[in-house]
Every structure is written in structure tokens, then in C-alpha cells.
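What follows is a set of notes on a single structure, which appears directly below.
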Amino acid sequence: MKFLKIVAPRFSLEEVAELAEQHFGLTGQIDLLYSERDQNFRLREQDGTAWTLKIASVEEDPEIIDCQIRVMQHIAAVDPTLPTPRIRHALDGSPSVRISGEGGATHVCYVLSHLPGQLLDEAPVTARALSAQGVMVARLGRAMRGLFDPAPAMRELLWDVRLLSRFLPHIDKLPDPRRQQQARDIIEHFATDTLPRMRTLRTQLVHADVNEANMLVDPDDPAVVTGIIDFGDIIYGTLVQDVAAIAAERPFGEMPVPEAITEVIRGYNEVTKLEPEEADILYDVMVSRLLLTPLINAWRASETPEEPGYMHTWTDAVYRVVDVLQEAGRSKVQDTIRRACGLSPTGLQRGISTTPHTMPVTDLIERRKRVMGSKLYVFYDPPLHIVRGEGVWLTDASGRRFLDAYNNVPHVGHCHPHVVDAISRQLQILNTNTRYLGTQVLEYSERLGASLPGNLKACAFVNSGSEANDVAWRMAKAFTGNQGGLTMEYAYHGITDAVDAFSPSVSLSGTIAPHIRTLVSPDDYRGPYRRGEAGLATRYAAFADESIASLDNAGMAPAVFMVDSAFLTNGMPNVPAGYLKAVFAKVRAVGGLCIADEVQSGFGRMGKHMWGHQHHDVTPDIVTIGKPAGNGHPLGVVITSPEIMDTFLQQTAFFSTFGGNNVSCAAGLAVLDVLERERLMDNATKTGAFLKQGLTQLMARHDVIGDVRGTGLSLCVELVRDRITLEPARAETDRILNLMRDEGVLVGNEGVHGNIVKIRPPLLFRKEHADMLVNAFDRALARV
């Protein structure tokens, strides 16, 4: 358990004094403060101003330190009255500096304002104070909920209660056999019941350690919180983890423990209403969190006796609280908490799960057939009953989590807190249409236009990619006067009647509309011209000449060529360089326009570039986007030149009641914010390359893999029964999808033969997720 062995730096007071003056221009009295894994000092200037100088352990991830700083800056911006430390920038303007320690090791050093007050463990306990402290933690959670940072989401933290089960093999280090059995019971219940339920709860960035050592209050009035300090344990976790810490890990004075806990929760609930599932799980989260203290102390006493003891005096106090809670019983404490939250008591008994109500899959299927038609269009066999999403994870009704490597619509992750918060806040203020003046639709239009090449600046707002492509088709006909359309064979562009004609992949009859002609996919793997042959771009582009000539023979000319920039439904072929540029030139030569459908390829999914068409070095006449733009919120936009837009509007009075509404624009702006702040396009580039390499390496072990293609986080694996004949492995692909589901990883299939495994996860998919996918794919392939 290496994460228990982080050693704090050991700079002398003289060294710290020199560092403070050199990097931050600070001089004064310096005193050492206690810290578990950092080295902290209080520096008091001559005028009495106090600062906290922090030097991080060399083993601490610098990205975590940067995240702490960003969080404190974010809190100061969104809730300036919250008493959290403020950053003092270094003399060079940076929020932190890198310094050298023993053996040339590099440490992160930064300075915070030193907050006044006394620690909670020294303050008197009153009902009013307990409630006020609960209020403050809820305010802290609300201030942090609009920010996401990838670093804490992947961190392995000592005090993260979700890792409690790791201590099970070390229970014998507890000196008392009775406590060993007590710990074993708590941990086993946590692993089998509590942790699966936690996976269905609200999650966001949380402090994760707001307890008696990290909250300051006014010495004269403990109901006045003067500081929340030490963001070193920040994680992406459940809200109840913060509630449990402030409610149970604290002094109770003369108040009965359940009553004191209730007051804290009542205060928290005044600001942030706890959901029933959260209220019902708090008993177990509190008991489990408290157990960490004796477990960690015992482990350290046994394994690292040379290190100074940490919190050993708290062990007895923690056990007293655990004993009181267990004596009261889970059911009684749950009902007390429910009443504090304004919920009806449930009388839940020990061990009963509060995961969402489930129905057997077969019952759901029959119910669905009755109300949605007899033809099922669902993933996997049997289908999944999904009840919750979070980041790159989906949770089914049983509480099992699945790594989502398929869904492109939640572009920046399922239920991203910044997007959810933007939608929620705007929905509470105003949601109306663009016949009224507003700034959000203008800001969103301007930011979209700034990201696109050429004169693509004019926006028409709708509610989906299908509607966007429908309007784009109308614009093209209005501008060109032509009535024909060109699309790729096996393309998909939407569900409206007009756009369905551009979507031969969904035609069960194989019939192509009389005004539509298809182009052969530029597939250098199984197409008529293969990888390594000369002139691929020119030879494949020549198929456009045939389609244009066919329209001409029917008395039509193309108004538009509509193309998905990633060619996803065509199996993500390695499109020859220059192909799309050549086709665009041929279409424009006969008076047509070119539409880049960026619903699936845009917003950095393909890495390196914001838009898919930029990978082909072309500038379309019209760009369309859909629901990924709003992370799943209904949003569609047509972006074109002012000239094309004005021509269209001279011929029709275009208006969409919900297109461009305030909430949709808030969602769209939030997605752009997240893409920029979290550098997700760069992540798609790097993680995508890492994942593609891992998938390619599997070819040496699995002959069924014929080809690995794609770029960024838009990848595919083509499965074949023979690498020479390229016979499609359709049945094997279907089986692989279900085996991957069994492994806890969700992927899809694609292509005219249904033999292509499609991988398009949310863009916050990281290398550790890629490793999980590749390993699961390897195991699934071994079973085919």
C-alpha cells in the first residue's frame, strides 16, 4: 500500500526563509505547522500579516497541486464570501514555483493567505454552531460543483473512503481482536452494499477532508466559520463524503452524537437538499470514514514506526463515535437523518439496498414493445438497464459500472458538473426564444464562428443534427437553385424526410431517392483501390464525376454534397490525403455547395483540430452540429457564410421556437468552456494515439483483427475471418460486443457488413481507461 508511505519534505526554517524571500518577496517570523504529507509553515510579516507557505511532497502529483490552486481561485470567483485561502502569486506572477530539495528532488511551493480563528476541535459545541458548519460545507460544495479537473478524478487518495476495502488484509494490525472483527464487519458491508450504492450518487469535486482539523471558527462564536483550509485531499467524489466528514469526524461536546450529527446535516440540507439515497447511505459512509483513522494508525505503527505518529490520540475518540452509532443502529440513525432532511422515515433494515428500483429486463422489453413499437433497437443481448452516468462511466440498475467507450453525445462526459450547473442555473432564470434579444445566443454564435475557418460566421439554431442537416439542405437549394444531392454510400445524416434521403445506411430496402446519388467510400482496406496503390485520392474522387454525370442525365445538378467528416458509418476509412479537396472542387465546379456534417466528428473528437473537415484541409460552405454540442442537451446549429444565410432568409421566414433558446446556449457555452479548460482536444490526440497503439498491438495475438483505423478518440477495429479474403466477421463482432459488455466495457459496431468495432468515448477518456479497454478487448477476443 504505497499510498500510505508518502514522506513529507524536510526543509529547515533557514531554507524556507530564503525561499520565501527569493520567490515571494516575503520576510518575517516563520513557524513550522503540522501536516501529514506536505511541509507547512506560517510566515508572519512585520506588520502582522500572516501567510501559509506550503511545500509539497516530491511524491505529490504537480497536477494535483495545480488543481488545488485552481479550485481556490474558482471558489474566490464564484463565492467570494466563502472563507477559503487566497493565492499569493510569486514574484514572477505564477501561482506556484518549483524548488529543489534533498538529492535534487523537485517540490512545488506556493503561498496562501493564513486564515484567522481556532480549529473546530478546540471550539465549544452548540446546536447553532453545528448547523452553521453544515451550511458552510454545503456552500463549499455548491462553489466547487461548477469546476471539473481531470487530475483528482484519477487519484488514489489515502482518506478516500471508497478505498476502504484495501485495508481488509491488514485488519490484524489492529491490536484488539474485538476491533478487528468490528472492522471486518464494517469493511465487508461497505464492499458489498455501501460502495455499489455510492456509485449511483451525485458526484463532483469535493474537499473530502472538512473535519475538526480543517475548519476554523471564531473563538467568541463557533457558529461563525472563519476558514476552510487544506485542499490537499481534493477528489472527484460523492457529495456525501463531505457531509460524512463534517458530521461525524468532529468533537461533540456534551451533545449526544446522533443529535449533533443531525444538526450538521440539517444545516447542510438548508443549502443543498440531500436526495433520499444520500440520506439513507450516510450512516454507513460515516462509520466507514471513521474506521479509516484506527486502520491507518495501526498500519503506520506496524510498517513505518520510524515516522512520527499521526492522529493516534484520535483513535479512541473515533471508536467512541462508531460504538454510539452502531448501538443506535442503522435504521434509527437513517430515520433521524431523513427527518433532518424533511424526508419521511422509511424503516429500512440493516443491509437493504437503496439502489434505484429495478424491473427484470424481460419485463422492461415487453413494456417497451407495448408503448414504443414491437421492433427493438437496443444495444447488447440482453440489453442494459442504465440508470446513471458520470464522466466515462454508466451505471446499470444493479449498481454495476460500465466504462463507456461508445457514446459520443455526452462529449465532455456524462453529467459533467459544469454543463449540468450551467443548464440548471439558466433554467431557473429564463428560457425563451430568439424573437427576443439576448446575449447568450450571440456569444455562442461568435465563439463557434471564431473556431471555424473562412467566412463561416452566420448561425441558424435548431434542436438536433437532423434538423441542422435538413435546414442546410434547404439553404443549399435556395442558394444554388439546384435540386440534386450527393452523399456517401452507407452514410447517415439524420431522421427527417429530407435528410433520410442522404442516409442510405438506414434504408432497409436499399432504395435511393431519385434526386440522390451516392459516392463509393474511399476505403483503402476493402474498397476497389487498396492501401499502397498509387493515386488513391484521384481514383476515388473520380466516382464523384460519375455521380454528377448521373444527376445530369436525369436533368439535375447537385445543390450539395453532404459528408460526415469522420466517415463513421463507412467504417472510418483511412481517407487518402487530397480526396475530399478533390471532391469539393468537382461539386463546386457544377454549382453545388459542400456541407460538413460535424455532429460526430466535431469539437476536437478526432484530435489535433477542432473540426473534422480540418483533417482533410478543406473549408466547407456549410457546417452542421448536433447534440454533442450541448453534451446531450437538444442543440443543433447550421453555420454558413452571411451570403448563403441572407439568400436563404430572402426566400423563407426561418424560425425555430426552441432553436437557440437560453438553456441550450448555456449548455453549448459550457461545453466550449470545458473543452478549453480541460484541454480535451489535446487529450483526444494523446489518449487516442495511445489507445490506437494498444489496439494495433493486439493484431499480433488475434488474427481476427484485420485493421485498426481512425484518429483521436474516433477509432475502429475491423474484424475479419481471413486477412487475405477479408471475409467480414459479422457474427464474431456481435459476440465481441456482448463479451466486452460482460467485461464492463461498452463499444458499438459499424459498417455495411457490421464487422467493425466502433470506439468513440467521451473526450475525458484517459490512458488508464484506454488500458482497461485494450485489456478487456484482449480477453474478449481470446474467447471468440
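Here, A, B, ... name the chains of the C-alpha cells in the order displayed, residue numbers run from 1 inside each chain, and ligands are numbered from 1 in the same displayed order.
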In range 39-195 of chain A, DSSP alpha helix (DSSP H) residues written as a VMD selection string: chain A and resid 62 to 78 127 to 144 150 to 153 177 to 189 195
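The environment of Asp160 in chain A within 10 Å, counting only C-alpha atoms and disregarding residues fewer than 4 places along the same chain, consists of Arg155, Glu156, Leu164, Ala208, Asp209, Asp233, Ile234, Ile235, Tyr236, Gly237, Gln241, Arg289 and Leu292 of chain A.
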Check the smallest atom-to-atom distance from each of A:Ile705, A:Val111, A:Leu437, A:Ala700 to Leu91 in chain A using only C-alpha atoms, then report the winner. A:Val111
Which value, in Å to one decimal, gives the distance between CA of Val757 in chain A and CA of Ala537 in chain A? 25.4 Å
For Thr619 in chain A, please output as a PyMOL selection string all residues within 8 Å (counting only C-alpha atoms; exclusion window: fewer than 2 positions along the same chain). chain A and resi 453-454+613-614+617+621
Let me see the file: selected residues, all heavy atoms, as a CSV table (one decimal), in the first residue's frame.
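Final output, saved to again-v3.csv:
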chain,number,residue,atom,x,y,z
A,453,PRO,N,-13.0,28.0,-40.0
A,453,PRO,CA,-12.2,28.7,-41.0
A,453,PRO,C,-13.1,29.6,-41.9
A,453,PRO,O,-14.3,29.5,-41.9
A,453,PRO,CB,-11.6,27.6,-41.7
A,453,PRO,CG,-12.5,26.5,-41.7
A,453,PRO,CD,-13.2,26.6,-40.3
A,454,GLY,N,-12.4,30.5,-42.6
A,454,GLY,CA,-13.1,31.2,-43.7
A,454,GLY,C,-14.2,32.1,-43.2
A,454,GLY,O,-14.1,32.8,-42.1
A,613,HIS,N,-13.4,18.4,-40.6
A,613,HIS,CA,-13.1,18.8,-42.0
A,613,HIS,C,-11.7,19.3,-42.1
A,613,HIS,O,-11.0,19.3,-43.2
A,613,HIS,CB,-14.1,19.7,-42.6
A,613,HIS,CG,-14.2,21.1,-41.9
A,613,HIS,ND1,-15.1,21.3,-41.0
A,613,HIS,CD2,-13.4,22.2,-42.0
A,613,HIS,CE1,-15.0,22.6,-40.5
A,613,HIS,NE2,-13.9,23.1,-41.1
A,614,GLN,N,-11.1,19.9,-41.0
A,614,GLN,CA,-9.8,20.4,-41.0
A,614,GLN,C,-8.7,19.3,-41.2
A,614,GLN,O,-7.6,19.6,-41.6
A,614,GLN,CB,-9.5,21.2,-39.7
A,614,GLN,CG,-10.4,22.5,-39.6
A,614,GLN,CD,-10.3,23.1,-38.2
A,614,GLN,OE1,-10.4,22.5,-37.2
A,614,GLN,NE2,-10.1,24.4,-38.2
A,617,ASP,N,-8.1,19.3,-44.8
A,617,ASP,CA,-7.6,20.6,-45.4
A,617,ASP,C,-8.6,21.1,-46.4
A,617,ASP,O,-8.3,21.6,-47.5
A,617,ASP,CB,-6.2,20.3,-46.1
A,617,ASP,CG,-5.5,21.6,-46.4
A,617,ASP,OD1,-5.8,22.7,-45.8
A,617,ASP,OD2,-4.8,21.7,-47.4
A,621,ASP,N,-18.8,24.9,-47.3
A,621,ASP,CA,-19.7,26.1,-47.4
A,621,ASP,C,-20.7,26.2,-46.2
A,621,ASP,O,-21.1,27.2,-45.8
A,621,ASP,CB,-20.5,26.0,-48.7
A,621,ASP,CG,-19.6,25.9,-49.9
A,621,ASP,OD1,-18.9,26.9,-50.2
A,621,ASP,OD2,-19.5,24.8,-50.5
Which polymer residues have any atom within 12 Å of an atom of Val674 in chain A, counting only C-alpha atoms, with same-chain residues fewer than 3 positions away left out, as number ranges by chain? A: 146-150, 411-413, 416-420, 422, 603-604, 629-631, 667-671, 677-681, 763-764
Neighbour list for Leu216 in chain A as a short mmCIF file (atom, residue, chain, number, x, y, z; two decimals) with C-alpha atoms, in the first residue's frame, cut-off 9 Å, only C-alpha atoms, skip fewer than 3 positions in-chain:
data_model
loop_
_atom_site.label_atom_id
_atom_site.label_comp_id
_atom_site.auth_asym_id
_atom_site.auth_seq_id
_atom_site.Cartn_x
_atom_site.Cartn_y
_atom_site.Cartn_z
CA LEU A 115 -6.92 32.48 7.92
CA PRO A 116 -7.80 33.53 11.48
CA GLY A 117 -9.76 31.52 14.06
CA GLN A 118 -9.45 28.43 16.17
CA LEU A 119 -9.66 24.86 15.00
CA LEU A 120 -13.01 23.13 15.33
CA ALA A 123 -14.23 25.15 19.93
CA GLU A 212 -12.21 19.19 13.01
CA ALA A 213 -8.64 19.86 11.84
CA PRO A 219 -13.18 31.85 19.19
CA PRO A 222 -18.27 28.95 16.97
CA VAL A 224 -19.11 31.88 12.65
CA VAL A 225 -16.85 29.85 10.38
CA THR A 226 -13.70 31.81 9.60
CA GLY A 227 -11.88 29.30 7.47
CA ILE A 228 -11.97 26.07 5.49
CA ILE A 229 -8.39 25.04 4.88
#
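Between CA of Arg42 in chain A and CA of Leu112 in chain A the separation is 9.7 Å.
Shortest separation to Asn407 in chain A among A:Thr192, A:Ser714, A:Asn463, A:Gln29 occurs at residue A:Ser714, atoms counted being only C-alpha atoms.
Nearest to Asp673 in chain A of all the residues A:His74, A:Arg425, A:Arg447, A:Arg539 is A:Arg447, counting only C-alpha atoms.
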Just asking: which residues within range 173-308 of chain A are strand (DSSP E) according to DSSP, as a PyMOL selection string? chain A and resi 203-206+215-218+221-228+235-238
As a VMD selection string, please: the residues near Asp523 in chain A (cut-off 7 Å, only C-alpha atoms, same-chain neighbours under 6 positions excluded). chain A and resid 573 to 575
